[in-house]
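Some notes on the structure that comes next.
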Amino acid sequence: MKQHTKLLVGGLGLMFASYSQANLTPKPHIGIAGIDFQSQLGMKYGRDSNVTYQTQSNDSVESDYVMLEPYLQAVGERGEDRYLLVYSGKYLQYQDQTSTVGDYSDHYFLFLPKWRFGDKHELNWFIEQTWGHEDRGTGLTEGFTNEQFRQYGINQPLSSELLNSELRYIYGRPEGRGHFNLALQVKDLSFTDTDTVEQTSADFYAYIEDQQWQEKTVTIELFDQYSKDTRFRYSSINNYRHYASSPIRDSDEHYLVFGIKSKRSGKTSVEGDIAWLHKDLKNNPQAQAFDGFNWQAALNWKPVKHSEFQLYGSRRVEDPTEVGGYILKTKYGLSWNHKWFVDRLNTKFDVGQEFEDYKSQDSDREDSSNIASFTLGYDFRPSVRLEFNYQYTSKTSNHETTTFYIGENADIPEIRQLGYNKSRFDLMLKVQI
């Protein structure tokens, strides 16, 4: 499920994404009570070479698709207090009749008030609600064949709901060197619209129920603006995740994080976090615990003002869909963003590799993915942009298949096919309204 805020998995911190959409000049509309309204609409027409991520090319289905992406934002201010309200959506429809069961509509809402109390105290509260989905062939249905989709009643993408809310207290002057943060956060993930699955297969329905969780997080952070170009971060993050239908999968995660963001020169900047993580599966004594480092880093180099390179990487721990162990995910990549002739025309190339190492008592599965993407964009006006986007993904594994277990007692074996090739391209028009 895709999220609209950048939430570093495993507790490496919460960073708000830019809600003013990139590449377009905002068109503020001042309404009642001085509220600033902005809106944007993205329209895509594209083609997907492998709609359901099939391993065998003769089982894959190609289809054209149409997507609409509306975005609405309202910002209000009262003295030093600020209020942000956001809605964004994704509405996708496949044109091939055999692929229309993959159609979906995602919705996202955010409410973010920020209150100032005097010179040194600030209270932020955000609540976001995401109605998302998992494409067929990913997530819980990863590696499913068309026969398995029919067998388990997966005749549409699995719908999901994610509630995410955080209350954060900040001590320190806005322009001061240091800031102390204390945050309490709750998240709740559930799967919805599963009636067809329940009627078709009680065993797979039980498997879906086992994937739902609630998580509570306590975060203590200190940010040190060492100089105008360098900021340090020191954090203690503690996640407590509970699976209501499968408590044997409950986990506690404890992070100690050090981060840095620094502009080393007019051409080079670096940003990174490194965290020591202890992850304990407290209700499963046979499961393999984790003690080690999670990290993420990005090095940006801008040799000239119209060209920028970025070298990036990350490593994090994720929960598998089965009982026991964890998945160690590592990613490396290089991107190049360049503006040609005039600032209106730009290209972006990105190549990367992702590795997934399954650490459990009964699996030595290792997956790897090669991903390449290209974007060509032209700004007709500050508020009108046309883009061509292309992405190719090739995923392989050291096994052709893997076994997982479904049913109320997780004792019924089922097979996943591993690996796929997929390309996707689209033409997109963005308009700031």
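Ligands are numbered from 1 in the order shown, chains are lettered A, B, ... in the order of the structure tokens, and residues start at 1 in each chain.
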
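The shell of residues at most 8 Å from Gln38 (chain A), with only C-alpha atoms counted and near chain neighbours (fewer than 3 positions) removed, consists of Pro26, Lys27, Pro28, His29, Leu72, Gln73, Ala74, Gln432 and Ile433 of chain A.
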
Tell me which protein, DNA and RNA residues are within 12 Å of Phe180 (chain A), counting only C-alpha atoms, leaving out same-chain ones fewer than 5 positions away, and put them as a ChimeraX atom specification.
/A:120-123,168-174,219-225,233-236

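If you measure from each of A:Glu366, A:Glu271, A:Asp252, A:Glu134 to Ala289 (chain A) using only C-alpha atoms, the closest one turns out to be A:Asp252.
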
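Of the residues under consideration (A:Thr217, A:Lys114, A:Asp135, A:Arg249), A:Thr217 shows the shortest atom-to-atom contact distance to Ser165 (chain A) when counting only C-alpha atoms.
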
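Reported to one decimal place, the separation of CA of Gln56 (chain A) from CA of Gly153 (chain A) is 21.2 Å.
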
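Shortest separation to His278 (chain A) among A:Ser49, A:Thr192, A:Asn238, A:Asn124 occurs at residue A:Asn238, atoms counted being only C-alpha atoms.
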
Hey, what's within 6 Å of Lys348 (chain A) if we count only C-alpha atoms and toss same-chain stuff fewer than 2 positions away? As an MDAnalysis selection string, please?
chainID A and resid 336:337 374:375

Please give the complete set of residues from region 108-334 of chain A that DSSP, run on the backbone, assigns to strand (DSSP E), formatted as a ChimeraX atom specification.
/A:108-117,121-134,158-171,178-192,213-227,230-242,251-263,268-280,290-304,307-318,326-334

Could you save the residues just selected, with C-alpha atoms, as a compact mmCIF listing (two decimals), in the first residue's frame?
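The resulting file, result10.txt, is reproduced below:
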# COMPACT_ATOMS: atom_id res chain seq x y z
CA TYR A 108 -5.99 10.10 1.25
CA PHE A 109 -6.88 12.75 3.85
CA LEU A 110 -4.59 14.71 6.14
CA PHE A 111 -5.34 17.22 8.87
CA LEU A 112 -2.30 18.93 10.43
CA PRO A 113 -2.67 21.76 12.92
CA LYS A 114 0.38 23.45 14.47
CA TRP A 115 -0.06 25.54 17.60
CA ARG A 116 2.51 27.93 19.08
CA PHE A 117 2.51 28.71 22.80
CA HIS A 121 6.61 25.79 22.82
CA GLU A 122 4.88 24.18 19.83
CA LEU A 123 2.32 21.39 19.60
CA ASN A 124 1.68 19.51 16.34
CA TRP A 125 -1.05 16.97 15.78
CA PHE A 126 -1.54 15.18 12.53
CA ILE A 127 -4.13 12.62 11.60
CA GLU A 128 -4.13 10.94 8.23
CA GLN A 129 -6.47 8.36 6.78
CA THR A 130 -5.55 6.33 3.72
CA TRP A 131 -7.92 4.14 1.77
CA GLY A 132 -5.45 2.26 -0.41
CA HIS A 133 -4.98 -1.10 -2.09
CA GLU A 134 -2.56 -3.87 -2.96
CA LEU A 158 -7.19 -5.99 -1.90
CA SER A 159 -8.48 -2.81 -0.27
CA SER A 160 -6.80 -1.51 2.86
CA GLU A 161 -7.22 1.23 5.43
CA LEU A 162 -4.40 2.89 7.34
CA LEU A 163 -5.09 5.29 10.18
CA ASN A 164 -2.00 7.18 11.32
CA SER A 165 -1.99 9.85 14.02
CA GLU A 166 0.74 11.57 15.99
CA LEU A 167 0.86 14.18 18.74
CA ARG A 168 4.25 15.95 18.91
CA TYR A 169 5.52 18.49 21.43
CA ILE A 170 8.46 20.70 20.36
CA TYR A 171 10.52 22.81 22.74
CA GLY A 178 18.34 23.18 19.49
CA HIS A 179 14.88 21.59 19.47
CA PHE A 180 13.58 18.88 21.80
CA ASN A 181 10.73 16.66 20.50
CA LEU A 182 8.45 14.23 22.29
CA ALA A 183 5.96 12.33 20.11
CA LEU A 184 3.24 9.73 20.68
CA GLN A 185 1.96 7.93 17.59
CA VAL A 186 -0.66 5.28 16.81
CA LYS A 187 -1.22 3.39 13.55
CA ASP A 188 -3.87 0.87 12.55
CA LEU A 189 -3.78 -1.22 9.36
CA SER A 190 -6.78 -3.27 8.22
CA PHE A 191 -8.04 -4.90 5.02
CA THR A 192 -11.57 -4.14 3.82
CA TRP A 213 -2.06 -4.81 13.08
CA GLN A 214 -2.02 -1.88 15.46
CA GLU A 215 1.16 -0.07 16.44
CA LYS A 216 2.03 2.42 19.16
CA THR A 217 5.21 4.49 19.01
CA VAL A 218 7.02 6.67 21.54
CA THR A 219 9.71 8.98 20.15
CA ILE A 220 12.19 11.28 21.92
CA GLU A 221 14.36 13.45 19.66
CA LEU A 222 16.90 16.23 19.89
CA PHE A 223 17.77 18.32 16.82
CA ASP A 224 20.95 20.39 16.91
CA GLN A 225 21.36 23.10 14.27
CA TYR A 226 25.15 23.06 14.62
CA SER A 227 25.61 25.70 11.90
CA THR A 230 24.67 21.39 9.28
CA ARG A 231 22.03 19.81 11.50
CA PHE A 232 22.40 16.77 13.78
CA ARG A 233 19.64 14.50 15.03
CA TYR A 234 19.59 12.18 18.07
CA SER A 235 16.52 9.96 18.53
CA SER A 236 15.12 7.15 20.63
CA ILE A 237 12.21 5.42 18.85
CA ASN A 238 10.19 2.59 20.31
CA ASN A 239 7.56 0.71 18.30
CA TYR A 240 5.11 -1.78 19.81
CA ARG A 241 3.19 -3.71 17.13
CA HIS A 242 0.27 -6.02 17.92
CA SER A 251 7.02 -7.37 18.01
CA ASP A 252 8.86 -4.68 19.94
CA GLU A 253 11.38 -2.46 18.15
CA HIS A 254 13.84 -0.15 19.88
CA TYR A 255 15.98 2.28 17.88
CA LEU A 256 18.82 4.61 18.77
CA VAL A 257 19.28 6.99 15.85
CA PHE A 258 21.96 9.44 14.82
CA GLY A 259 21.27 11.64 11.81
CA ILE A 260 23.02 14.39 9.89
CA LYS A 261 21.98 16.82 7.20
CA SER A 262 24.76 18.99 5.88
CA LYS A 263 25.54 21.19 2.93
CA THR A 268 27.58 18.99 -2.44
CA SER A 269 25.18 18.02 0.33
CA VAL A 270 24.70 14.88 2.39
CA GLU A 271 21.81 13.55 4.43
CA GLY A 272 21.67 10.33 6.40
CA ASP A 273 20.43 8.40 9.41
CA ILE A 274 22.01 5.41 11.09
CA ALA A 275 20.16 3.47 13.77
CA TRP A 276 20.94 0.61 16.09
CA LEU A 277 17.87 -1.62 16.20
CA HIS A 278 16.83 -4.34 18.59
CA LYS A 279 13.75 -6.18 17.29
CA ASP A 280 12.18 -8.80 19.53
CA PHE A 290 17.45 -8.89 15.18
CA ASP A 291 20.24 -6.75 16.55
CA GLY A 292 22.01 -4.55 14.04
CA PHE A 293 22.02 -1.37 12.00
CA ASN A 294 19.36 0.24 9.89
CA TRP A 295 20.47 3.16 7.79
CA GLN A 296 19.60 5.49 4.95
CA ALA A 297 21.82 8.00 3.18
CA ALA A 298 21.84 10.32 0.17
CA LEU A 299 24.75 12.22 -1.36
CA ASN A 300 23.79 15.07 -3.71
CA TRP A 301 26.24 16.64 -6.13
CA LYS A 302 25.34 19.65 -8.29
CA PRO A 303 28.31 20.43 -10.55
CA VAL A 304 26.31 23.13 -12.35
CA SER A 307 22.30 19.40 -13.32
CA GLU A 308 22.21 17.28 -10.15
CA PHE A 309 23.34 13.74 -9.29
CA GLN A 310 22.19 11.75 -6.28
CA LEU A 311 23.72 8.57 -4.87
CA TYR A 312 21.38 6.96 -2.35
CA GLY A 313 20.97 3.81 -0.30
CA SER A 314 19.12 2.31 2.64
CA ARG A 315 18.78 -0.77 4.78
CA ARG A 316 15.78 -1.61 6.94
CA VAL A 317 13.96 -4.48 8.62
CA GLU A 318 10.36 -5.40 7.76
CA TYR A 326 12.06 -10.70 9.50
CA ILE A 327 12.99 -9.39 6.05
CA LEU A 328 16.24 -7.44 5.66
CA LYS A 329 15.78 -4.96 2.79
CA THR A 330 18.74 -3.16 1.20
CA LYS A 331 18.59 -0.62 -1.61
CA TYR A 332 21.17 1.27 -3.68
CA GLY A 333 20.67 3.69 -6.55
CA LEU A 334 21.89 6.59 -8.65
